[in-house]
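Working notes, structure below.
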Amino acid sequence: MSEGIRRTCREFAETLVRLGIATQEQADAGLAEAGRFGFDVDEKFEDADQLTFLVGECGLGFTMPEKMSGGVDEGYESLLRDAAACSGGSVVVDDIELVEDEDGEEYLHVRRNGRSLWYHTEHDKDFRRYMDWMAASDAIGDLVPGGDDPRNFHQLDGDPLDAWWLLLTPEQAAGLKEFGLPMPNSLGNVVRNGLPTAEPGTPAWYLEDDRLHASEESRRFLDAWLASMDTALDRWRTAHLPDGFPVDFSLESLAALERLVWERFEGPDALKTAAGDEFAEGAIRYIGETALRLWPCRWTYQHSDDEADLFANDPAILSHAPSGFATEVFPSVALRLVVEDREPGTLAERLEDIPDSVDDYRRALRARTAGR
């Protein structure tokens, strides 16, 4: 609900033109269409969001319907194509498909500018007229153009059911809020524009994709981290591991590492004090390298100048799967949990999400292939 700002449909059309959201021709066509339906375009309304229907009459934006007139499959298709059209052609979606795997898990697959995107969904099996709005919202957020385009999707109406959405710059969104629209929600995710040249789905594809979209600081750190891996592990093994320690990158060796960590660190404070020392870093490296030898995954790193960013400035292991499946594990966090929980099998348990995510993706791919 707006705060008692009395506005007319004509004023809304003029605002859309002034903010560069609509052309004059689109605004005139929208007002004419409203008039044909008997709408008084000069009547003042207490709630400005009563006027947002004009967006559709102008041929702009899209709605997030409460339920579909047809099946949910067609609902996703229509919604995402309408949302992508807001970009003016810079974002193209195709191959929109609901996939159900052999375990009954459902996923929405969308190809955006050649990149496959996956979203886990949940639907009522007996009444499939309602989309999974969380998945739909994530998919819409991934349809922002990104790059140098500053626009995000914004909800115009106060009520999310059947609300109108527009792709707007921050200035345009502020202008509509000043006009009196609620503008309660926005959608915009980190979008990866550009595709690797390697064969899709291969380890080379994932590595190239990471480098293609990583910052210079992130690439520099990761290159140095990987270049020193063998030397650092050899030094760690020689200086810090007892004779007979099974350095074979197996799950059994992780259990042996847990016992060694318990002997060395009595609690979290001791580990925190030792953060960055040769033993702790060697253990982090070994945990990650064990995952790499057991399952399809790779090292990744994200630099951030924000020290409060919990998911940056720490080497991580990322499974070879699209973002809808991929699991990211931080060996440093796994090491801390070993010290805190002092439970056998902690490292193996922390890493098991990596093969699980890859298996989930493979099941979805098999189901998608079988359905064609």
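Here, A, B, ... name the chains of the structure tokens in the order displayed, residue numbers run from 1 inside each chain, and ligands are numbered from 1 in the same displayed order.
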
Find the residues near segment 21-32 of chain A: any atom within 7 Å, counting only C-alpha atoms, skip ones fewer than 5 places away on the same chain, and give them as an mmCIF file with N, CA, C and O atoms, in the first residue's frame.
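Final output, saved to out.cif:
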```cif
data_model
loop_
_atom_site.group_PDB
_atom_site.id
_atom_site.type_symbol
_atom_site.label_atom_id
_atom_site.label_comp_id
_atom_site.auth_asym_id
_atom_site.auth_seq_id
_atom_site.Cartn_x
_atom_site.Cartn_y
_atom_site.Cartn_z
ATOM 1 N N ALA A 13 1.671 7.176 -16.315
ATOM 2 C CA ALA A 13 2.226 7.050 -17.660
ATOM 3 C C ALA A 13 3.305 8.095 -17.901
ATOM 4 O O ALA A 13 4.371 7.809 -18.464
ATOM 5 N N LEU A 16 6.453 7.043 -16.122
ATOM 6 C CA LEU A 16 7.164 5.979 -16.830
ATOM 7 C C LEU A 16 7.992 6.543 -17.984
ATOM 8 O O LEU A 16 9.128 6.109 -18.217
ATOM 9 N N VAL A 41 -8.607 7.631 -16.866
ATOM 10 C CA VAL A 41 -7.161 7.803 -16.690
ATOM 11 C C VAL A 41 -6.816 9.054 -15.888
ATOM 12 O O VAL A 41 -5.642 9.240 -15.522
ATOM 13 N N LEU A 54 -1.199 -0.654 -15.711
ATOM 14 C CA LEU A 54 -0.818 0.084 -16.911
ATOM 15 C C LEU A 54 0.507 -0.423 -17.473
ATOM 16 O O LEU A 54 0.757 -0.304 -18.678
ATOM 17 N N GLU A 57 -0.391 -2.882 -20.003
ATOM 18 C CA GLU A 57 -1.024 -2.252 -21.162
ATOM 19 C C GLU A 57 0.000 -1.547 -22.044
ATOM 20 O O GLU A 57 -0.201 -1.393 -23.255
ATOM 21 N N CYS A 58 1.110 -1.141 -21.437
ATOM 22 C CA CYS A 58 2.195 -0.511 -22.198
ATOM 23 C C CYS A 58 3.115 -1.542 -22.844
ATOM 24 O O CYS A 58 4.055 -1.171 -23.555
#
```

Exercise. Using only C-alpha atoms, which residues sit within 8 Å of segment 348-353 of chain A once same-chain residues fewer than 3 positions away are excluded, as a ChimeraX atom specification?
Worked result: /A:251,254-255,291,327,329,334,345,356-357

Based on the selection just made, write all heavy atoms of those residues as a PDB file, in the first residue's frame.
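Ended up saving to result-v1.pdb:
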```
ATOM      1  N   LEU A 251      39.989 -41.630   2.803  1.00  0.00           N
ATOM      2  CA  LEU A 251      39.158 -41.268   3.945  1.00  0.00           C
ATOM      3  C   LEU A 251      39.755 -41.799   5.238  1.00  0.00           C
ATOM      4  O   LEU A 251      39.621 -41.169   6.300  1.00  0.00           O
ATOM      5  CB  LEU A 251      37.742 -41.830   3.746  1.00  0.00           C
ATOM      6  CG  LEU A 251      36.920 -41.190   2.608  1.00  0.00           C
ATOM      7  CD1 LEU A 251      35.550 -41.852   2.510  1.00  0.00           C
ATOM      8  CD2 LEU A 251      36.769 -39.693   2.818  1.00  0.00           C
ATOM      9  N   LEU A 254      42.149 -39.355   6.567  1.00  0.00           N
ATOM     10  CA  LEU A 254      41.502 -38.223   7.226  1.00  0.00           C
ATOM     11  C   LEU A 254      41.151 -38.565   8.672  1.00  0.00           C
ATOM     12  O   LEU A 254      41.233 -37.702   9.558  1.00  0.00           O
ATOM     13  CB  LEU A 254      40.244 -37.812   6.461  1.00  0.00           C
ATOM     14  CG  LEU A 254      40.446 -37.211   5.075  1.00  0.00           C
ATOM     15  CD1 LEU A 254      39.112 -36.810   4.465  1.00  0.00           C
ATOM     16  CD2 LEU A 254      41.382 -35.999   5.120  1.00  0.00           C
ATOM     17  N   ALA A 255      40.777 -39.811   8.918  1.00  0.00           N
ATOM     18  CA  ALA A 255      40.511 -40.239  10.296  1.00  0.00           C
ATOM     19  C   ALA A 255      41.784 -40.178  11.126  1.00  0.00           C
ATOM     20  O   ALA A 255      41.775 -39.772  12.299  1.00  0.00           O
ATOM     21  CB  ALA A 255      39.934 -41.654  10.296  1.00  0.00           C
ATOM     22  N   ALA A 291      39.960 -34.537  -1.166  1.00  0.00           N
ATOM     23  CA  ALA A 291      38.688 -34.429  -1.892  1.00  0.00           C
ATOM     24  C   ALA A 291      38.919 -34.463  -3.400  1.00  0.00           C
ATOM     25  O   ALA A 291      38.190 -35.132  -4.141  1.00  0.00           O
ATOM     26  CB  ALA A 291      37.962 -33.145  -1.491  1.00  0.00           C
ATOM     27  N   THR A 327      28.351 -27.953  -4.388  1.00  0.00           N
ATOM     28  CA  THR A 327      28.608 -27.783  -2.958  1.00  0.00           C
ATOM     29  C   THR A 327      30.007 -27.215  -2.767  1.00  0.00           C
ATOM     30  O   THR A 327      30.969 -27.684  -3.378  1.00  0.00           O
ATOM     31  CB  THR A 327      28.501 -29.132  -2.229  1.00  0.00           C
ATOM     32  OG1 THR A 327      27.145 -29.576  -2.251  1.00  0.00           O
ATOM     33  CG2 THR A 327      28.946 -28.999  -0.778  1.00  0.00           C
ATOM     34  N   VAL A 329      32.957 -26.493   0.007  1.00  0.00           N
ATOM     35  CA  VAL A 329      33.432 -26.899   1.326  1.00  0.00           C
ATOM     36  C   VAL A 329      34.724 -26.164   1.629  1.00  0.00           C
ATOM     37  O   VAL A 329      35.651 -26.153   0.808  1.00  0.00           O
ATOM     38  CB  VAL A 329      33.671 -28.424   1.390  1.00  0.00           C
ATOM     39  CG1 VAL A 329      34.282 -28.809   2.732  1.00  0.00           C
ATOM     40  CG2 VAL A 329      32.368 -29.180   1.162  1.00  0.00           C
ATOM     41  N   ALA A 334      36.193 -27.179   8.158  1.00  0.00           N
ATOM     42  CA  ALA A 334      36.188 -28.597   8.542  1.00  0.00           C
ATOM     43  C   ALA A 334      37.203 -28.864   9.645  1.00  0.00           C
ATOM     44  O   ALA A 334      36.923 -29.597  10.609  1.00  0.00           O
ATOM     45  CB  ALA A 334      36.483 -29.462   7.321  1.00  0.00           C
ATOM     46  N   GLY A 345      35.183 -39.018  12.367  1.00  0.00           N
ATOM     47  CA  GLY A 345      34.464 -38.989  11.102  1.00  0.00           C
ATOM     48  C   GLY A 345      33.989 -37.618  10.686  1.00  0.00           C
ATOM     49  O   GLY A 345      33.269 -37.490   9.686  1.00  0.00           O
ATOM     50  N   ASP A 356      27.817 -36.211  -3.178  1.00  0.00           N
ATOM     51  CA  ASP A 356      26.358 -36.223  -3.221  1.00  0.00           C
ATOM     52  C   ASP A 356      25.836 -35.218  -4.243  1.00  0.00           C
ATOM     53  O   ASP A 356      24.889 -35.499  -4.984  1.00  0.00           O
ATOM     54  CB  ASP A 356      25.779 -35.903  -1.844  1.00  0.00           C
ATOM     55  CG  ASP A 356      25.942 -37.054  -0.857  1.00  0.00           C
ATOM     56  OD1 ASP A 356      26.304 -38.167  -1.300  1.00  0.00           O
ATOM     57  OD2 ASP A 356      25.724 -36.832   0.351  1.00  0.00           O
ATOM     58  N   SER A 357      26.443 -34.029  -4.286  1.00  0.00           N
ATOM     59  CA  SER A 357      25.985 -33.012  -5.226  1.00  0.00           C
ATOM     60  C   SER A 357      26.243 -33.430  -6.668  1.00  0.00           C
ATOM     61  O   SER A 357      25.423 -33.184  -7.557  1.00  0.00           O
ATOM     62  CB  SER A 357      26.664 -31.666  -4.930  1.00  0.00           C
ATOM     63  OG  SER A 357      28.055 -31.717  -5.204  1.00  0.00           O
TER      64      SER A 357
END
```

Exercise. Which parts of segment 43-258 of chain A does DSSP call helix (DSSP H, G or I) when run on the backbone here, written out as JSON, numbers by chain?
Worked result: {"A": [48, 49, 50, 51, 53, 54, 55, 56, 57, 72, 73, 74, 75, 76, 77, 78, 79, 80, 81, 82, 83, 84, 85, 133, 134, 135, 136, 137, 138, 139, 140, 141, 170, 171, 172, 173, 174, 175, 176, 177, 178, 179, 203, 204, 205, 206, 207, 208, 209, 210, 211, 212, 213, 216, 217, 218, 219, 220, 221, 222, 223, 224, 225, 226, 227, 229, 230, 231, 232, 233, 234, 235, 236, 237, 238, 239, 240, 251, 252, 253, 254, 255, 256, 257, 258]}

For this session: Within 7 Å of segment 335-343 of chain A, counting only C-alpha atoms, which residues show up once you throw out same-chain ones fewer than 5 positions away? Write them as a list of chain:residue names, please.
Result: A:Glu258, A:Trp262, A:Phe265, A:Gly267, A:Pro268

Problem set entry | Trp118 of chain A environment, 7 Å, only C-alpha atoms, sequence neighbours closer than 5 positions dropped, as a PyMOL selection string | chain A and resi 107-110+322+324

Exercise. Between atom CA of Gly282 of chain A and atom CA of Arg237 of chain A, what is the spacing in Å?
Worked result: 8.1 Å

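Taking the backbone of this structure through DSSP, the residues of segment 242-334 of chain A that come out as strand (DSSP E) are Cys297, Arg298, Trp299, Thr300, Ala316, Ile317, Leu318, Ser319, Glu328 and Val329 of chain A.
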